[in-house]
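Source file: coords.cif. Holds: mmCIF, C-alpha atoms.
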```
data_work
loop_
_atom_site.group_PDB
_atom_site.id
_atom_site.type_symbol
_atom_site.label_atom_id
_atom_site.label_comp_id
_atom_site.auth_asym_id
_atom_site.auth_seq_id
_atom_site.Cartn_x
_atom_site.Cartn_y
_atom_site.Cartn_z
ATOM 1 C CA MET A 1 -38.170 -14.978 -40.639
ATOM 2 C CA ARG A 2 -40.195 -11.866 -41.361
ATOM 3 C CA ALA A 3 -42.847 -10.174 -39.222
ATOM 4 C CA LEU A 4 -45.261 -7.299 -39.778
ATOM 5 C CA VAL A 5 -46.331 -5.310 -36.700
ATOM 6 C CA ILE A 6 -49.621 -3.423 -37.103
ATOM 7 C CA ASP A 7 -50.507 -0.969 -34.364
ATOM 8 C CA ASP A 8 -51.524 2.691 -34.323
ATOM 9 C CA SER A 9 -49.197 3.271 -31.357
ATOM 10 C CA LYS A 10 -45.654 3.974 -32.514
ATOM 11 C CA ALA A 11 -44.393 3.113 -29.016
ATOM 12 C CA MET A 12 -46.070 -0.321 -29.162
ATOM 13 C CA ARG A 13 -44.661 -0.954 -32.649
ATOM 14 C CA MET A 14 -41.171 -0.069 -31.391
ATOM 15 C CA LEU A 15 -41.524 -2.333 -28.342
ATOM 16 C CA LEU A 16 -42.755 -5.290 -30.386
ATOM 17 C CA LYS A 17 -40.104 -4.677 -33.042
ATOM 18 C CA ARG A 18 -37.348 -4.741 -30.399
ATOM 19 C CA GLU A 19 -38.639 -8.037 -28.992
ATOM 20 C CA LEU A 20 -39.064 -9.608 -32.440
ATOM 21 C CA VAL A 21 -35.570 -8.562 -33.560
ATOM 22 C CA ALA A 22 -34.192 -10.171 -30.381
ATOM 23 C CA LEU A 23 -36.004 -13.358 -31.435
ATOM 24 C CA GLY A 24 -34.380 -13.259 -34.873
ATOM 25 C CA PHE A 25 -37.076 -11.633 -36.999
ATOM 26 C CA GLU A 26 -36.777 -9.020 -39.719
ATOM 27 C CA VAL A 27 -39.573 -6.585 -38.829
ATOM 28 C CA PHE A 28 -41.804 -4.306 -40.881
ATOM 29 C CA GLU A 29 -44.385 -1.889 -39.494
ATOM 30 C CA ALA A 30 -47.796 -0.442 -40.327
ATOM 31 C CA GLY A 31 -49.994 2.033 -38.448
ATOM 32 C CA ASP A 32 -53.355 0.492 -39.416
ATOM 33 C CA GLY A 33 -54.911 -2.312 -41.411
ATOM 34 C CA GLN A 34 -54.991 -0.467 -44.720
ATOM 35 C CA GLU A 35 -51.308 0.447 -44.496
ATOM 36 C CA ALA A 36 -50.608 -3.186 -43.578
ATOM 37 C CA LEU A 37 -52.384 -4.452 -46.703
ATOM 38 C CA SER A 38 -50.240 -2.074 -48.766
ATOM 39 C CA ARG A 39 -47.087 -3.335 -47.036
ATOM 40 C CA LEU A 40 -48.067 -6.939 -47.732
ATOM 41 C CA ALA A 41 -48.692 -6.074 -51.385
ATOM 42 C CA GLU A 42 -45.088 -4.778 -51.513
ATOM 43 C CA LEU A 43 -43.478 -7.510 -49.391
ATOM 44 C CA GLY A 44 -45.563 -10.565 -50.156
ATOM 45 C CA ALA A 45 -46.603 -12.826 -47.305
ATOM 46 C CA VAL A 46 -44.559 -12.610 -44.122
ATOM 47 C CA ASP A 47 -44.179 -15.398 -41.565
ATOM 48 C CA VAL A 48 -46.251 -13.668 -38.907
ATOM 49 C CA VAL A 49 -48.404 -10.589 -38.444
ATOM 50 C CA LEU A 50 -48.858 -9.078 -34.986
ATOM 51 C CA VAL A 51 -51.999 -6.956 -35.157
ATOM 52 C CA ASP A 52 -53.833 -4.707 -32.721
ATOM 53 C CA TRP A 53 -57.629 -4.799 -32.688
ATOM 54 C CA THR A 54 -58.521 -1.150 -32.088
ATOM 55 C CA MET A 55 -57.032 1.265 -34.612
ATOM 56 C CA PRO A 56 -58.378 4.230 -36.569
ATOM 57 C CA GLY A 57 -58.952 3.614 -40.247
ATOM 58 C CA MET A 58 -58.998 -0.136 -40.850
ATOM 59 C CA ASP A 59 -59.118 -1.971 -37.521
ATOM 60 C CA GLY A 60 -57.479 -5.295 -36.773
ATOM 61 C CA MET A 61 -60.557 -7.465 -37.278
ATOM 62 C CA THR A 62 -61.251 -5.973 -40.700
ATOM 63 C CA PHE A 63 -57.605 -6.602 -41.596
ATOM 64 C CA VAL A 64 -57.869 -10.236 -40.437
ATOM 65 C CA HIS A 65 -61.002 -10.806 -42.530
ATOM 66 C CA GLN A 66 -59.278 -9.302 -45.584
ATOM 67 C CA VAL A 67 -56.061 -11.350 -45.334
ATOM 68 C CA ARG A 68 -57.896 -14.582 -44.520
ATOM 69 C CA ALA A 69 -59.922 -14.108 -47.723
ATOM 70 C CA GLU A 70 -56.705 -14.122 -49.799
ATOM 71 C CA THR A 71 -55.103 -17.465 -50.659
ATOM 72 C CA ALA A 72 -51.707 -15.758 -50.971
ATOM 73 C CA TYR A 73 -51.750 -15.250 -47.182
ATOM 74 C CA GLU A 74 -53.263 -18.549 -46.031
ATOM 75 C CA GLU A 75 -49.961 -19.820 -44.542
ATOM 76 C CA MET A 76 -49.234 -16.529 -42.781
ATOM 77 C CA ARG A 77 -49.626 -16.681 -38.999
ATOM 78 C CA VAL A 78 -51.725 -13.964 -37.360
ATOM 79 C CA VAL A 79 -51.306 -13.095 -33.686
ATOM 80 C CA MET A 80 -53.631 -10.466 -32.256
ATOM 81 C CA ILE A 81 -52.028 -8.427 -29.475
ATOM 82 C CA THR A 82 -54.567 -6.048 -27.998
ATOM 83 C CA SER A 83 -56.115 -4.666 -24.842
ATOM 84 C CA GLU A 84 -59.422 -6.394 -25.714
ATOM 85 C CA SER A 85 -59.801 -9.130 -23.081
ATOM 86 C CA ASP A 86 -63.517 -10.000 -23.277
ATOM 87 C CA PRO A 87 -63.852 -13.768 -23.909
ATOM 88 C CA ALA A 88 -66.486 -13.100 -26.581
ATOM 89 C CA GLN A 89 -64.047 -10.820 -28.428
ATOM 90 C CA ILE A 90 -61.291 -13.440 -28.188
ATOM 91 C CA PHE A 91 -63.656 -16.080 -29.565
ATOM 92 C CA HIS A 92 -64.692 -13.744 -32.392
ATOM 93 C CA ALA A 93 -61.029 -13.125 -33.306
ATOM 94 C CA LEU A 94 -60.155 -16.831 -33.288
ATOM 95 C CA MET A 95 -63.189 -17.657 -35.443
ATOM 96 C CA ALA A 96 -62.112 -14.938 -37.913
ATOM 97 C CA GLY A 97 -58.765 -16.672 -38.426
ATOM 98 C CA VAL A 98 -56.435 -15.351 -35.750
ATOM 99 C CA ASP A 99 -53.937 -18.084 -34.832
ATOM 100 C CA GLU A 100 -53.104 -16.786 -31.346
ATOM 101 C CA TYR A 101 -54.343 -13.998 -29.088
ATOM 102 C CA ALA A 102 -52.528 -12.045 -26.363
ATOM 103 C CA THR A 103 -53.477 -9.091 -24.233
ATOM 104 C CA LYS A 104 -51.342 -6.011 -23.659
ATOM 105 C CA PRO A 105 -48.957 -5.464 -22.060
ATOM 106 C CA ILE A 106 -46.967 -8.417 -23.385
ATOM 107 C CA THR A 107 -43.551 -9.566 -22.209
ATOM 108 C CA ARG A 108 -40.801 -11.037 -24.362
ATOM 109 C CA GLU A 109 -41.462 -14.415 -22.743
ATOM 110 C CA ALA A 110 -45.195 -14.254 -23.502
ATOM 111 C CA LEU A 111 -44.501 -13.144 -27.079
ATOM 112 C CA ALA A 112 -42.022 -15.989 -27.561
ATOM 113 C CA GLU A 113 -44.593 -18.415 -26.142
ATOM 114 C CA LYS A 114 -47.268 -17.233 -28.599
ATOM 115 C CA LEU A 115 -44.799 -17.459 -31.494
ATOM 116 C CA GLY A 116 -43.863 -20.941 -30.308
ATOM 117 C CA LEU A 117 -47.503 -21.983 -30.293
ATOM 118 C CA VAL A 118 -47.782 -21.040 -33.974
ATOM 119 C CA GLY A 119 -44.561 -22.895 -34.777
ATOM 120 C CA LEU A 120 -42.196 -19.978 -35.327
ATOM 121 C CA VAL A 121 -40.014 -19.958 -32.193
ATOM 122 C CA GLU A 122 -38.432 -22.896 -30.396
ATOM 123 C CA GLN A 123 -40.005 -23.421 -27.000
ATOM 124 C CA ASP A 124 -38.112 -24.671 -23.953
#
```

What does this structure look like when you write it as structure tokens?
Amino acid sequence: MRALVIDDSKAMRMLLKRELVALGFEVFEAGDGQEALSRLAELGAVDVVLVDWTMPGMDGMTFVHQVRAETAYEEMRVVMITSESDPAQIFHALMAGVDEYATKPITREALAEKLGLVGLVEQD
């Protein structure tokens, strides 16, 4: 399975990459939404995208709107992992096409649970 981690924090990308590799994923990275769109153009659809909301350049919500408008990415799972915890923001993200939503910081167990909920990791 392949994952794309989109976050402007290199430390957060490294943390998520480590956890995803431990779960059996091949991981690619991008520092913002625009870079992520370029990576997807190179890679094709991945199994899951983990995307932050707040980033300079193209933010996570703009990225979600762009990928959800493309039929090539309709099967791709999108999990938003962000510090945004306002219920209205969560609702907005889910209505835009996010499959799951988690707030930072996130543990390996919580990440595995979210990936299980979108059908990518076996749950106990």

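The residue that comes closest to A:Leu16, out of A:Leu120, A:Val98, A:Ala110, A:Leu43 and on the basis of only C-alpha atoms, is A:Ala110.
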
Exercise. With the file shown as input, list the residues that the PyMOL selection byres ((chain A and resi 11-15) around 12) selects, as a PyMOL selection string.
Key: chain A and resi 3-10+16-22+27-32+49-52+81-83+104-108+111

Could those residues be written to a file, using C-alpha atoms, as a CSV table (one decimal), in the coordinates of the input?
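As a result, out_33.csv now contains:
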```csv
chain,number,residue,atom,x,y,z
A,3,ALA,CA,-42.8,-10.2,-39.2
A,4,LEU,CA,-45.3,-7.3,-39.8
A,5,VAL,CA,-46.3,-5.3,-36.7
A,6,ILE,CA,-49.6,-3.4,-37.1
A,7,ASP,CA,-50.5,-1.0,-34.4
A,8,ASP,CA,-51.5,2.7,-34.3
A,9,SER,CA,-49.2,3.3,-31.4
A,10,LYS,CA,-45.7,4.0,-32.5
A,16,LEU,CA,-42.8,-5.3,-30.4
A,17,LYS,CA,-40.1,-4.7,-33.0
A,18,ARG,CA,-37.3,-4.7,-30.4
A,19,GLU,CA,-38.6,-8.0,-29.0
A,20,LEU,CA,-39.1,-9.6,-32.4
A,21,VAL,CA,-35.6,-8.6,-33.6
A,22,ALA,CA,-34.2,-10.2,-30.4
A,27,VAL,CA,-39.6,-6.6,-38.8
A,28,PHE,CA,-41.8,-4.3,-40.9
A,29,GLU,CA,-44.4,-1.9,-39.5
A,30,ALA,CA,-47.8,-0.4,-40.3
A,31,GLY,CA,-50.0,2.0,-38.4
A,32,ASP,CA,-53.4,0.5,-39.4
A,49,VAL,CA,-48.4,-10.6,-38.4
A,50,LEU,CA,-48.9,-9.1,-35.0
A,51,VAL,CA,-52.0,-7.0,-35.2
A,52,ASP,CA,-53.8,-4.7,-32.7
A,81,ILE,CA,-52.0,-8.4,-29.5
A,82,THR,CA,-54.6,-6.0,-28.0
A,83,SER,CA,-56.1,-4.7,-24.8
A,104,LYS,CA,-51.3,-6.0,-23.7
A,105,PRO,CA,-49.0,-5.5,-22.1
A,106,ILE,CA,-47.0,-8.4,-23.4
A,107,THR,CA,-43.6,-9.6,-22.2
A,108,ARG,CA,-40.8,-11.0,-24.4
A,111,LEU,CA,-44.5,-13.1,-27.1
```

Quiz item: stretch 59-68 of chain A: which residues within 8 Å, counting all atoms listed in the file, same-chain residues fewer than 4 positions away excluded, as a PyMOL selection string?
Solution: chain A and resi 32-34+37+51-55+73-74+78+80+93+96-98

Practice problem: Give me, please, the distance in Å between atom CA of A:Tyr101 and atom CA of A:Ala69, quoted to one decimal. | Solution: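 For atom CA of A:Tyr101 relative to atom CA of A:Ala69, the distance reads 19.5 Å.
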
Practice problem: Name the residues that the PyMOL selection byres ((chain A and resi 121) around 12) pulls out of this structure, and write them as a list in words. | Solution: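 Taken over the shown coordinates, the PyMOL selection byres ((chain A and resi 121) around 12) returns Met1, Leu20, Ala22, Leu23, Gly24, Phe25, Asp47, Val48, Arg108, Glu109, Ala110, Leu111, Ala112, Glu113, Lys114, Leu115, Gly116, Leu117, Val118, Gly119, Leu120, Glu122, Gln123 and Asp124 of chain A.
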
Quiz item: So how many Å separate atom CA of A:Ala102 and atom CA of A:Ala72, to one decimal?
Solution: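 Calculated distance between atom CA of A:Ala102 and atom CA of A:Ala72 is 24.9 Å.
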
Practice problem: In Å, rounded to a single decimal, give me how far atom CA of A:Gly44 is from atom CA of A:Asp99. | Solution: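 Separating atom CA of A:Asp99 from atom CA of A:Gly44 is a distance of 19.0 Å.
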
Self-check item: From A:Ala36, A:Thr103, A:Glu26, A:Glu42, residue lying nearest A:Glu84 [only C-alpha atoms]
Solution: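 Of the candidates, the smallest distance to A:Glu84 is held by A:Thr103.
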
Centre, x/y/z edge lengths, axis-aligned box for stretch 41-55 of chain A with 3 Å per side, as JSON:
```
{"center_x": -51.0, "center_y": -7.1, "center_z": -41.8, "size_x": 21.0, "size_y": 22.7, "size_z": 25.4}
```
